[in-house]
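Visitor: Just passing along the structure, written as structure tokens.
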Amino acid sequence: MQPIDRIALVTDFGAGGPYLGQMKLRLSGLLPRVLVIDLISDLAPFRADLAAYLLPALVRDMPARTLYLCVVDPGVGGERSALAIEADGGWYVGPDNGLLALVARRANQIRVLRIDWRPAVLSASFHGRDLFAPVAAALCGGKIPYYTELDRGLLIGNDWPNALAKVIYADSYGNLITGLQAADLDRNTWLWAGGRDITYARTFCAVPPGQAFWYENAFGLVELAVNQGGARRVLGLGPGDRVELSPH
Amino acid sequence: MQPIDRIALVTDFGAGGPYLGQMKLRLSGLLPRVLVIDLISDLAPFRADLAAYLLPALVRDMPARTLYLCVVDPGVGGERSALAIEADGGWYVGPDNGLLALVARRANQIRVLRIDWRPAVLSASFHGRDLFAPVAAALCGGKIPYYTELDRGLLIGNDWPNALAKVIYADSYGNLITGLQAADLDRNTWLWAGGRDITYARTFCAVPPGQAFWYENAFGLVELAVNQGGARRVLGLGPGDRVELSPH
Amino acid sequence: MQPIDRIALVTDFGAGGPYLGQMKLRLSGLLPRVLVIDLISDLAPFRADLAAYLLPALVRDMPARTLYLCVVDPGVGGERSALAIEADGGWYVGPDNGLLALVARRANQIRVLRIDWRPAVLSASFHGRDLFAPVAAALCGGKIPYYTELDRGLLIGNDWPNALAKVIYADSYGNLITGLQAADLDRNTWLWAGGRDITYARTFCAVPPGQAFWYENAFGLVELAVNQGGARRVLGLGPGDRVELSPH
């Protein structure tokens with residue numbers, strides 16, 4: 001396995017809260033020399049099904065030799081496996097609940113490990129700190145905790161679609177990111193969302209203030225936006241809401 | 001005194017704001033090589049009385065040789081002492097307003113120092129940056145600023161109860177953390193909060209969606225939660241609100 | 001040019017979101033050894049005109065040899081230049097939209113560079129990651145990307161006033177920071193904001209709970225506050241709203 005230079009945290013924990021803080025503090029004790037970066041911490045709570053489509057877009061063009069420690073875990077305390085996936089030069093650690101499904105599917109080179117190791121002390125509700133963080137630390141140290149190799153076809157989410165015509169994330173400006181890859185959509189495509197037709201524009205300043213449009217965002221996804229406004233409020237949509245390809 | 005490997009910030013400053021940023025930037029100038037981690041930055045504003053009960057739970061099981069720089073400081077600008085406490089292998093720096101009272105009470109080994117040193121330039125409203133950060137930096141460098149050793153019985157909060165039957169923190173999911181230690185409560189105990197009886201469950205997936213329950217959270221505290229919902233909204237409670245042990 | 005020890009991020013990206021995360025992750029790939037600190041990430045969205053007055057106050061008394069990577073960029077995708085400014089021992093990188101205007105005006109020693117270099121891959125909407133971050137990385141490495149030296153009189157915002165009688169930032173406690181420098185205001189000055197007269201007090205505990213007052217905040221600016229309350233709610237004001245010097 002190749003060396004890991006840094007850990008990027010991908011969570012729905014919320015910025016500023018104690019979960020992100022304890023993960024980082026725990027990691028600093030295990031890995032004093034490894035940089036830990038919050039890549040995103042305000043994913044839609046519990047929506048592993050939505051985050052799954054954001055994750056491959058977020059990591060596109062990011063530095064190699066990064067371990068993505070991903071925790072959106074609605075089923076914590078119940079049965080679900082822990083995964084460590086080596087895919088195209090990066091590592092992904094997280095629950096087997098679909099969160100890593102699209103990363104796994106799109107990888108050219110992949111190795112999927114179900115982590116069977118469990119720590120001596122494991123809380124019922126915070127596997128990010130107690131299970132996934134030490135797994136990440138072990139991988140950074142070049143060791144893989146006790147595991148079983150799996151075929152990626154066995155992962156939860158293996159039967160999910162390649163693209164998701166839903167809002168998967170609303171950013172702090174009120175822009176609405178969808179699970180549609182912009183490269184798949186003709187620029188003449190109209191979308192239907194929030195009760196109106198939405199046409200393509202290259203970027204914000206290409207439309208009048210207050211007008212909704214869709215564009216290819218900086219992650220390669222279709223994003224609904226309003227110039228000098230918030231699509232979330234204007235369209236009345238949020239994470240999980242549907243977007244339709246318009247019949248026009 | 002033992003070496004300090006990292007600083008963890010415990011504040012009500014809010015994530016993303018300039019207060020946390022200036023503390024970190026100031027510390028980076030004083031201590032270029034010491035890691036500084038946001039442990040929590042969204043404590044209930046000004047509620048040192050509530051944060052006091054969260055702090056010992058938050059630091060439980062965290063790495064030794066950590067200095068906790070704690071600032072919840074409603075009385076800034078007025079009279080209150082500055083403290084540096086060495087307790088069970090960690091350091092705590094903050095105001096003497098009760099914030100460190102429970103950490104001090106529960107420590108097995110403790111040394112309480114009232115810091116009498118003051119910086120040449122001290123703003124009226126930002127002692128976190130101007131007073132507590134340089135004190136923390138001095139301690140990391142192995143030096144204790146001018147001080148008076150105190151008995152912990154003299155600290156503000158010395159007469160506070162051992163547990164607090166109130167919501168002390170609401171997390172970003174809407175879970176309500178109380179100041180009750182879960183080890184002290186029989187699992188048959190019913191709680192009364194937000195106009196309803198609340199029974200124990202091991203964790204989220206042990207109750208039906210929408211049902212409120214209490215459980216031992218990952219910090220060892222009693223937490224009110226709702227499976228796939230937010231206890232804050234469902235129960236209509238927030239930080240400072242009372243929880244009762246039910247007469248059942 | 002003098003060495004740079006750290007990068008401080010000044011943005012309206014929001015804490016916890018993917019923009020701050022991708023900037024930091026990209027920077028960690030370019031500069032594995034340079035510390036990157038979030039100085040502020042919740043500036044009023046798109047309001048470069050307001051942030052311009054907060055920036056010089058925020059960097060006052062902060063460590064030298066810091067590069068401030070500043071992104072509030074409402075016109076992204078349109079025409080505006082990229083700047084790198086060396087001013088009084090610090091560097092500032094950001095768009096030429098006024099954001100750096102007051103820093104530039106108040107500098108004693110200054111060198112203004114318009115950065116003409118462009119990366120091979122430049123998204124339409126995320127110049128913070130694709131343009132400004134690599135410029136900052138180059139400067140940290142002692143290299144200046146292809147540039148034209150400018151007179152500061154040519155910067156956008158060169159004709160803006162020296163002080164701004166508006167709320168420029170609302171903090172998480174609800175305090176309202178204005179663009180007025182406290183050193184310029186006599187303590188007898190009354191302000192008129194939110195339909196009431198507001199008098200000076202040294203700090204919070206100098207007025208009764210619930211009373212609005214103005215004071216010199218820890219950045220040297222005039223701030224409207226309410227003891228044990230939120231000026232934002234009490235006065236009904238937010239970023240961009242006017243404050244008047246009272247006729248009393």
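Following the order of the structure tokens, first chain is A, next is B, and so on, with residues numbered from 1 inside each chain and ligands from 1 in the order they appear.
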What are the residues of chain A lining chain B at 9 Å or less? Count only C-alpha atoms, and put the answer as a PDB file with N, CA, C and O atoms, in the first residue's frame.
Guide:
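Printed below is result_32.pdb as written:
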```pdb
ATOM      1  N   ASP A  12     -21.163  14.598   8.641  1.00  0.00           N
ATOM      2  CA  ASP A  12     -22.359  15.414   8.889  1.00  0.00           C
ATOM      3  C   ASP A  12     -22.371  15.890  10.345  1.00  0.00           C
ATOM      4  O   ASP A  12     -23.435  16.188  10.890  1.00  0.00           O
ATOM      5  N   PHE A  13     -21.197  15.991  10.964  1.00  0.00           N
ATOM      6  CA  PHE A  13     -21.089  16.277  12.400  1.00  0.00           C
ATOM      7  C   PHE A  13     -21.399  17.725  12.748  1.00  0.00           C
ATOM      8  O   PHE A  13     -21.658  18.034  13.911  1.00  0.00           O
ATOM      9  N   GLY A  14     -21.333  18.617  11.768  1.00  0.00           N
ATOM     10  CA  GLY A  14     -21.472  20.036  12.057  1.00  0.00           C
ATOM     11  C   GLY A  14     -20.139  20.634  12.463  1.00  0.00           C
ATOM     12  O   GLY A  14     -19.396  20.036  13.242  1.00  0.00           O
ATOM     13  N   ALA A  15     -19.859  21.821  11.938  1.00  0.00           N
ATOM     14  CA  ALA A  15     -18.636  22.530  12.321  1.00  0.00           C
ATOM     15  C   ALA A  15     -18.799  23.018  13.744  1.00  0.00           C
ATOM     16  O   ALA A  15     -19.867  23.455  14.135  1.00  0.00           O
ATOM     17  N   GLY A  16     -17.757  22.951  14.516  1.00  0.00           N
ATOM     18  CA  GLY A  16     -17.795  23.548  15.848  1.00  0.00           C
ATOM     19  C   GLY A  16     -18.266  22.620  16.945  1.00  0.00           C
ATOM     20  O   GLY A  16     -18.113  22.932  18.121  1.00  0.00           O
ATOM     21  N   GLY A  17     -18.839  21.486  16.591  1.00  0.00           N
ATOM     22  CA  GLY A  17     -19.354  20.585  17.609  1.00  0.00           C
ATOM     23  C   GLY A  17     -18.281  19.660  18.167  1.00  0.00           C
ATOM     24  O   GLY A  17     -17.150  19.623  17.677  1.00  0.00           O
ATOM     25  N   PRO A  18     -18.654  18.888  19.192  1.00  0.00           N
ATOM     26  CA  PRO A  18     -17.664  18.062  19.896  1.00  0.00           C
ATOM     27  C   PRO A  18     -17.276  16.795  19.146  1.00  0.00           C
ATOM     28  O   PRO A  18     -16.250  16.192  19.468  1.00  0.00           O
ATOM     29  N   TYR A  19     -18.049  16.379  18.158  1.00  0.00           N
ATOM     30  CA  TYR A  19     -17.751  15.109  17.480  1.00  0.00           C
ATOM     31  C   TYR A  19     -16.530  15.276  16.576  1.00  0.00           C
ATOM     32  O   TYR A  19     -15.597  14.486  16.607  1.00  0.00           O
ATOM     33  N   LEU A  20     -16.550  16.338  15.773  1.00  0.00           N
ATOM     34  CA  LEU A  20     -15.391  16.649  14.952  1.00  0.00           C
ATOM     35  C   LEU A  20     -14.170  16.901  15.844  1.00  0.00           C
ATOM     36  O   LEU A  20     -13.068  16.420  15.555  1.00  0.00           O
ATOM     37  N   GLY A  21     -14.391  17.626  16.930  1.00  0.00           N
ATOM     38  CA  GLY A  21     -13.296  17.944  17.834  1.00  0.00           C
ATOM     39  C   GLY A  21     -12.680  16.705  18.463  1.00  0.00           C
ATOM     40  O   GLY A  21     -11.447  16.550  18.489  1.00  0.00           O
ATOM     41  N   GLN A  22     -13.509  15.794  18.938  1.00  0.00           N
ATOM     42  CA  GLN A  22     -12.961  14.586  19.563  1.00  0.00           C
ATOM     43  C   GLN A  22     -12.276  13.683  18.545  1.00  0.00           C
ATOM     44  O   GLN A  22     -11.272  13.044  18.865  1.00  0.00           O
ATOM     45  N   MET A  23     -12.811  13.608  17.330  1.00  0.00           N
ATOM     46  CA  MET A  23     -12.129  12.829  16.279  1.00  0.00           C
ATOM     47  C   MET A  23     -10.725  13.372  16.062  1.00  0.00           C
ATOM     48  O   MET A  23      -9.754  12.619  15.968  1.00  0.00           O
ATOM     49  N   LYS A  24     -10.610  14.686  15.949  1.00  0.00           N
ATOM     50  CA  LYS A  24      -9.307  15.284  15.671  1.00  0.00           C
ATOM     51  C   LYS A  24      -8.359  15.145  16.862  1.00  0.00           C
ATOM     52  O   LYS A  24      -7.162  14.902  16.691  1.00  0.00           O
ATOM     53  N   LEU A  25      -8.916  15.274  18.054  1.00  0.00           N
ATOM     54  CA  LEU A  25      -8.062  15.164  19.235  1.00  0.00           C
ATOM     55  C   LEU A  25      -7.593  13.715  19.397  1.00  0.00           C
ATOM     56  O   LEU A  25      -6.411  13.456  19.665  1.00  0.00           O
ATOM     57  N   ARG A  26      -8.489  12.773  19.179  1.00  0.00           N
ATOM     58  CA  ARG A  26      -8.108  11.366  19.230  1.00  0.00           C
ATOM     59  C   ARG A  26      -7.041  11.051  18.175  1.00  0.00           C
ATOM     60  O   ARG A  26      -6.034  10.398  18.459  1.00  0.00           O
ATOM     61  N   SER A  28      -4.933  13.084  16.861  1.00  0.00           N
ATOM     62  CA  SER A  28      -3.653  13.740  17.185  1.00  0.00           C
ATOM     63  C   SER A  28      -2.857  12.922  18.198  1.00  0.00           C
ATOM     64  O   SER A  28      -1.627  12.982  18.215  1.00  0.00           O
ATOM     65  N   GLY A  29      -3.565  12.177  19.039  1.00  0.00           N
ATOM     66  CA  GLY A  29      -2.862  11.303  19.971  1.00  0.00           C
ATOM     67  C   GLY A  29      -2.286  10.080  19.273  1.00  0.00           C
ATOM     68  O   GLY A  29      -1.190   9.611  19.593  1.00  0.00           O
ATOM     69  N   LEU A  30      -3.013   9.578  18.282  1.00  0.00           N
ATOM     70  CA  LEU A  30      -2.571   8.380  17.557  1.00  0.00           C
ATOM     71  C   LEU A  30      -1.521   8.716  16.504  1.00  0.00           C
ATOM     72  O   LEU A  30      -0.646   7.888  16.206  1.00  0.00           O
ATOM     73  N   PRO A  32       0.649  11.919  15.798  1.00  0.00           N
ATOM     74  CA  PRO A  32       1.044  13.307  16.085  1.00  0.00           C
ATOM     75  C   PRO A  32       1.518  14.080  14.861  1.00  0.00           C
ATOM     76  O   PRO A  32       1.448  15.303  14.844  1.00  0.00           O
ATOM     77  N   PRO A  45     -27.619  15.878   7.505  1.00  0.00           N
ATOM     78  CA  PRO A  45     -27.543  14.888   8.585  1.00  0.00           C
ATOM     79  C   PRO A  45     -28.159  13.546   8.192  1.00  0.00           C
ATOM     80  O   PRO A  45     -29.280  13.495   7.659  1.00  0.00           O
ATOM     81  N   PHE A  46     -27.433  12.493   8.448  1.00  0.00           N
ATOM     82  CA  PHE A  46     -27.883  11.102   8.290  1.00  0.00           C
ATOM     83  C   PHE A  46     -28.087  10.673   6.847  1.00  0.00           C
ATOM     84  O   PHE A  46     -28.477   9.531   6.601  1.00  0.00           O
ATOM     85  N   PRO A  74     -26.355   6.954   9.910  1.00  0.00           N
ATOM     86  CA  PRO A  74     -27.668   6.943  10.571  1.00  0.00           C
ATOM     87  C   PRO A  74     -27.925   5.661  11.348  1.00  0.00           C
ATOM     88  O   PRO A  74     -28.669   5.668  12.317  1.00  0.00           O
ATOM     89  N   GLY A  75     -27.298   4.581  10.939  1.00  0.00           N
ATOM     90  CA  GLY A  75     -27.591   3.308  11.576  1.00  0.00           C
ATOM     91  C   GLY A  75     -26.635   2.959  12.696  1.00  0.00           C
ATOM     92  O   GLY A  75     -26.527   1.800  13.080  1.00  0.00           O
ATOM     93  N   VAL A  76     -25.940   3.966  13.237  1.00  0.00           N
ATOM     94  CA  VAL A  76     -24.955   3.650  14.262  1.00  0.00           C
ATOM     95  C   VAL A  76     -25.614   2.901  15.428  1.00  0.00           C
ATOM     96  O   VAL A  76     -26.724   3.226  15.823  1.00  0.00           O
ATOM     97  N   GLY A  77     -24.919   1.947  15.915  1.00  0.00           N
ATOM     98  CA  GLY A  77     -25.475   1.130  16.994  1.00  0.00           C
ATOM     99  C   GLY A  77     -26.122  -0.128  16.457  1.00  0.00           C
ATOM    100  O   GLY A  77     -26.294  -1.104  17.175  1.00  0.00           O
ATOM    101  N   GLY A  78     -26.506  -0.100  15.179  1.00  0.00           N
ATOM    102  CA  GLY A  78     -27.087  -1.291  14.574  1.00  0.00           C
ATOM    103  C   GLY A  78     -26.027  -2.070  13.813  1.00  0.00           C
ATOM    104  O   GLY A  78     -24.833  -1.863  13.979  1.00  0.00           O
ATOM    105  N   LEU A 122     -15.782   0.451  22.628  1.00  0.00           N
ATOM    106  CA  LEU A 122     -16.539   0.932  21.472  1.00  0.00           C
ATOM    107  C   LEU A 122     -17.870   1.468  21.971  1.00  0.00           C
ATOM    108  O   LEU A 122     -18.720   0.715  22.439  1.00  0.00           O
ATOM    109  N   SER A 123     -18.055   2.789  21.890  1.00  0.00           N
ATOM    110  CA  SER A 123     -19.328   3.360  22.318  1.00  0.00           C
ATOM    111  C   SER A 123     -20.424   2.931  21.357  1.00  0.00           C
ATOM    112  O   SER A 123     -20.158   2.552  20.212  1.00  0.00           O
ATOM    113  N   ALA A 124     -21.670   3.028  21.812  1.00  0.00           N
ATOM    114  CA  ALA A 124     -22.799   2.643  20.962  1.00  0.00           C
ATOM    115  C   ALA A 124     -23.042   3.671  19.862  1.00  0.00           C
ATOM    116  O   ALA A 124     -23.566   3.330  18.802  1.00  0.00           O
ATOM    117  N   SER A 125     -22.653   4.910  20.085  1.00  0.00           N
ATOM    118  CA  SER A 125     -23.110   5.965  19.185  1.00  0.00           C
ATOM    119  C   SER A 125     -22.008   6.757  18.490  1.00  0.00           C
ATOM    120  O   SER A 125     -22.307   7.672  17.729  1.00  0.00           O
ATOM    121  N   PHE A 126     -20.744   6.451  18.727  1.00  0.00           N
ATOM    122  CA  PHE A 126     -19.705   7.300  18.139  1.00  0.00           C
ATOM    123  C   PHE A 126     -18.587   6.432  17.555  1.00  0.00           C
ATOM    124  O   PHE A 126     -17.450   6.441  18.020  1.00  0.00           O
TER     125      PHE A 126
END
```
Visitor: Check the DSSP output for the backbone and give back, as a ChimeraX atom specification, the residues of stretch 28-169 of chain C in strand (DSSP E or B).
Guide: /C:35-40,66-71,82-87,90-95,110-115,147-150,164-169
Visitor: Please identify all polymer residues within 12 Å of A:Leu164, counting only C-alpha atoms, omitting same-chain residues fewer than 4 positions from it, and present them as a list in words.
Guide: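 Close residues of A:Leu164: Asp49, Leu50, Ala51, Ala52, Tyr53, Leu54, Leu102, Trp160, Ile168, Tyr169, Ile177, Thr178, Gly179, Leu180, Gln181, Ala182, Asp184, Leu221, Val222, Pro239, Gly240, Asp241, Arg242, Val243, Glu244 and Leu245 of chain A.
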Visitor: Selected residues, C-alpha atoms, written as a short mmCIF file (atom, residue, chain, number, x, y, z; two decimals), in the first residue's frame, please.
Guide:
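Wrote it out as out_27.cif, contents follow:
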```cif
data_model
loop_
_atom_site.label_atom_id
_atom_site.label_comp_id
_atom_site.auth_asym_id
_atom_site.auth_seq_id
_atom_site.Cartn_x
_atom_site.Cartn_y
_atom_site.Cartn_z
CA ASP A 49 -27.61 8.22 0.30
CA LEU A 50 -27.04 11.84 -0.75
CA ALA A 51 -23.45 12.23 0.43
CA ALA A 52 -22.54 9.18 -1.67
CA TYR A 53 -22.98 11.31 -4.81
CA LEU A 54 -21.10 14.33 -3.46
CA LEU A 102 -20.20 5.72 -5.81
CA TRP A 160 -27.99 2.64 -6.70
CA ILE A 168 -27.69 16.33 -2.42
CA TYR A 169 -26.24 19.36 -0.61
CA ILE A 177 -25.91 20.87 -5.56
CA THR A 178 -27.49 17.90 -7.31
CA GLY A 179 -26.30 14.35 -7.83
CA LEU A 180 -26.23 14.87 -11.61
CA GLN A 181 -22.85 14.98 -13.32
CA ALA A 182 -22.64 18.05 -15.51
CA ASP A 184 -23.68 14.01 -18.78
CA LEU A 221 -21.90 18.56 -10.67
CA VAL A 222 -25.11 20.22 -11.82
CA PRO A 239 -31.38 18.15 0.43
CA GLY A 240 -33.34 15.12 -0.69
CA ASP A 241 -35.77 17.04 -2.89
CA ARG A 242 -36.21 15.92 -6.49
CA VAL A 243 -35.09 17.70 -9.63
CA GLU A 244 -36.62 16.68 -12.97
CA LEU A 245 -35.22 16.82 -16.44
#
```
Visitor: Might you pull out every residue within 8 Å of C:Ala133, with only C-alpha atoms counted and same-chain residues fewer than 2 positions away left off, and present them as a list in words?
Guide: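 Close residues of C:Ala133: Met23, Arg26, Leu27, Leu69, Gly128, Arg129, Asp130, Leu131, Val135, Ala136 and Ala137 of chain C.
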Visitor: Save out the residues we just selected, N, CA and C atoms, as a PDB file, in the first residue's frame.
Guide:
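Output file selection-v6.pdb is given in full below:
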```pdb
ATOM      1  N   MET C  23     -10.065  24.260  -0.297  1.00  0.00           N
ATOM      2  CA  MET C  23      -8.922  25.198  -0.285  1.00  0.00           C
ATOM      3  C   MET C  23      -7.802  24.631   0.588  1.00  0.00           C
ATOM      4  N   ARG C  26      -6.274  21.438  -0.995  1.00  0.00           N
ATOM      5  CA  ARG C  26      -5.424  21.806  -2.115  1.00  0.00           C
ATOM      6  C   ARG C  26      -4.108  22.413  -1.623  1.00  0.00           C
ATOM      7  N   LEU C  27      -4.206  23.312  -0.647  1.00  0.00           N
ATOM      8  CA  LEU C  27      -2.994  23.936  -0.097  1.00  0.00           C
ATOM      9  C   LEU C  27      -2.078  22.896   0.548  1.00  0.00           C
ATOM     10  N   LEU C  69      -5.040  35.018   2.845  1.00  0.00           N
ATOM     11  CA  LEU C  69      -5.673  34.570   1.602  1.00  0.00           C
ATOM     12  C   LEU C  69      -7.152  34.915   1.735  1.00  0.00           C
ATOM     13  N   GLY C 128     -10.986  30.804  -5.581  1.00  0.00           N
ATOM     14  CA  GLY C 128     -10.260  30.632  -4.316  1.00  0.00           C
ATOM     15  C   GLY C 128      -9.378  29.396  -4.356  1.00  0.00           C
ATOM     16  N   ARG C 129      -9.938  28.307  -4.834  1.00  0.00           N
ATOM     17  CA  ARG C 129      -9.202  27.045  -4.927  1.00  0.00           C
ATOM     18  C   ARG C 129      -8.248  27.029  -6.116  1.00  0.00           C
ATOM     19  N   ASP C 130      -8.718  27.513  -7.265  1.00  0.00           N
ATOM     20  CA  ASP C 130      -7.997  27.282  -8.520  1.00  0.00           C
ATOM     21  C   ASP C 130      -6.983  28.373  -8.857  1.00  0.00           C
ATOM     22  N   LEU C 131      -7.221  29.583  -8.380  1.00  0.00           N
ATOM     23  CA  LEU C 131      -6.332  30.696  -8.716  1.00  0.00           C
ATOM     24  C   LEU C 131      -5.615  31.237  -7.476  1.00  0.00           C
ATOM     25  N   VAL C 135      -1.569  30.832  -6.117  1.00  0.00           N
ATOM     26  CA  VAL C 135      -0.784  32.071  -6.009  1.00  0.00           C
ATOM     27  C   VAL C 135      -0.175  32.164  -4.603  1.00  0.00           C
ATOM     28  N   ALA C 136      -1.008  31.882  -3.588  1.00  0.00           N
ATOM     29  CA  ALA C 136      -0.506  31.924  -2.212  1.00  0.00           C
ATOM     30  C   ALA C 136       0.612  30.905  -2.022  1.00  0.00           C
ATOM     31  N   ALA C 137       0.428  29.720  -2.586  1.00  0.00           N
ATOM     32  CA  ALA C 137       1.444  28.674  -2.445  1.00  0.00           C
ATOM     33  C   ALA C 137       2.754  29.106  -3.093  1.00  0.00           C
TER      34      ALA C 137
END
```
Visitor: Among stretch 36-148 of chain C, which residues carry a DSSP assignment of alpha helix (DSSP H), reported as a PyMOL selection string?
Guide: chain C and resi 48-59+101-106+127+133-140
Visitor: May I have the residues within 9 Å of B:Leu100 as a list in words, using only C-alpha atoms and disregarding those fewer than 3 positions away in the same chain?
Guide: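 Using only C-alpha atoms, the neighbours found are Ala48, Ala51, Ala52, Tyr53, Leu55, Pro56, Cys70, Leu83, Ile85, Tyr92, Val93, Gly94, Pro95, Asp96, Asn97, Val103, Ala104, Arg105, Leu155, Ile156 and Gly157 of chain B.
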Visitor: Which neighbours of A:Gly236 fall inside 10 Å, counting only C-alpha atoms, when residues of the same chain fewer than 5 positions from it are skipped, and could you give them as a compact mmCIF listing (two decimals) with all heavy atoms, in the first residue's frame?
Guide:
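Dumped to out19.txt:
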```txt
# COMPACT_ATOMS: atom_id res chain seq x y z
N ALA A 193 -37.54 22.35 -11.27
CA ALA A 193 -37.33 22.25 -9.82
C ALA A 193 -38.00 23.43 -9.15
O ALA A 193 -37.96 24.55 -9.66
CB ALA A 193 -35.83 22.25 -9.49
N GLY A 194 -38.66 23.17 -8.04
CA GLY A 194 -39.30 24.25 -7.30
C GLY A 194 -40.37 24.94 -8.13
O GLY A 194 -40.61 26.15 -7.97
N GLY A 195 -41.02 24.19 -9.02
CA GLY A 195 -42.15 24.74 -9.76
C GLY A 195 -41.76 25.65 -10.91
O GLY A 195 -42.58 26.44 -11.38
N GLY A 230 -30.38 33.21 -3.13
CA GLY A 230 -30.20 31.84 -2.68
C GLY A 230 -31.23 30.93 -3.33
O GLY A 230 -32.44 31.12 -3.16
N ALA A 231 -30.75 29.94 -4.08
CA ALA A 231 -31.68 29.02 -4.75
C ALA A 231 -32.51 28.26 -3.73
O ALA A 231 -33.68 27.93 -3.97
CB ALA A 231 -30.90 28.05 -5.63
N ASP A 241 -34.68 16.70 -1.97
CA ASP A 241 -35.77 17.04 -2.89
C ASP A 241 -35.38 16.72 -4.34
O ASP A 241 -34.24 16.84 -4.74
CB ASP A 241 -36.13 18.53 -2.77
CG ASP A 241 -36.85 18.82 -1.46
OD1 ASP A 241 -37.55 17.92 -0.95
OD2 ASP A 241 -36.70 19.95 -0.94
```
Visitor: Which residue out of C:Ile144, C:Ala138, C:Ile4, C:Leu99 has the minimum interatomic distance to C:Leu113 when only C-alpha atoms are used?
Guide: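 For C:Leu113, the nearest of the given residues is C:Ile144.
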Visitor: Give me, please, the distance in Å between atom CA of C:Arg187 and atom CA of C:Ala212, quoted to one decimal.
Guide: 15.0 Å
Visitor: Can you pull out the residues contacting C:Gly229? Cut-off 9 Å, using only C-alpha atoms, and skip same-chain residues under 6 positions away; I want them as a PyMOL selection string.
Guide: chain C and resi 173-175+209-212
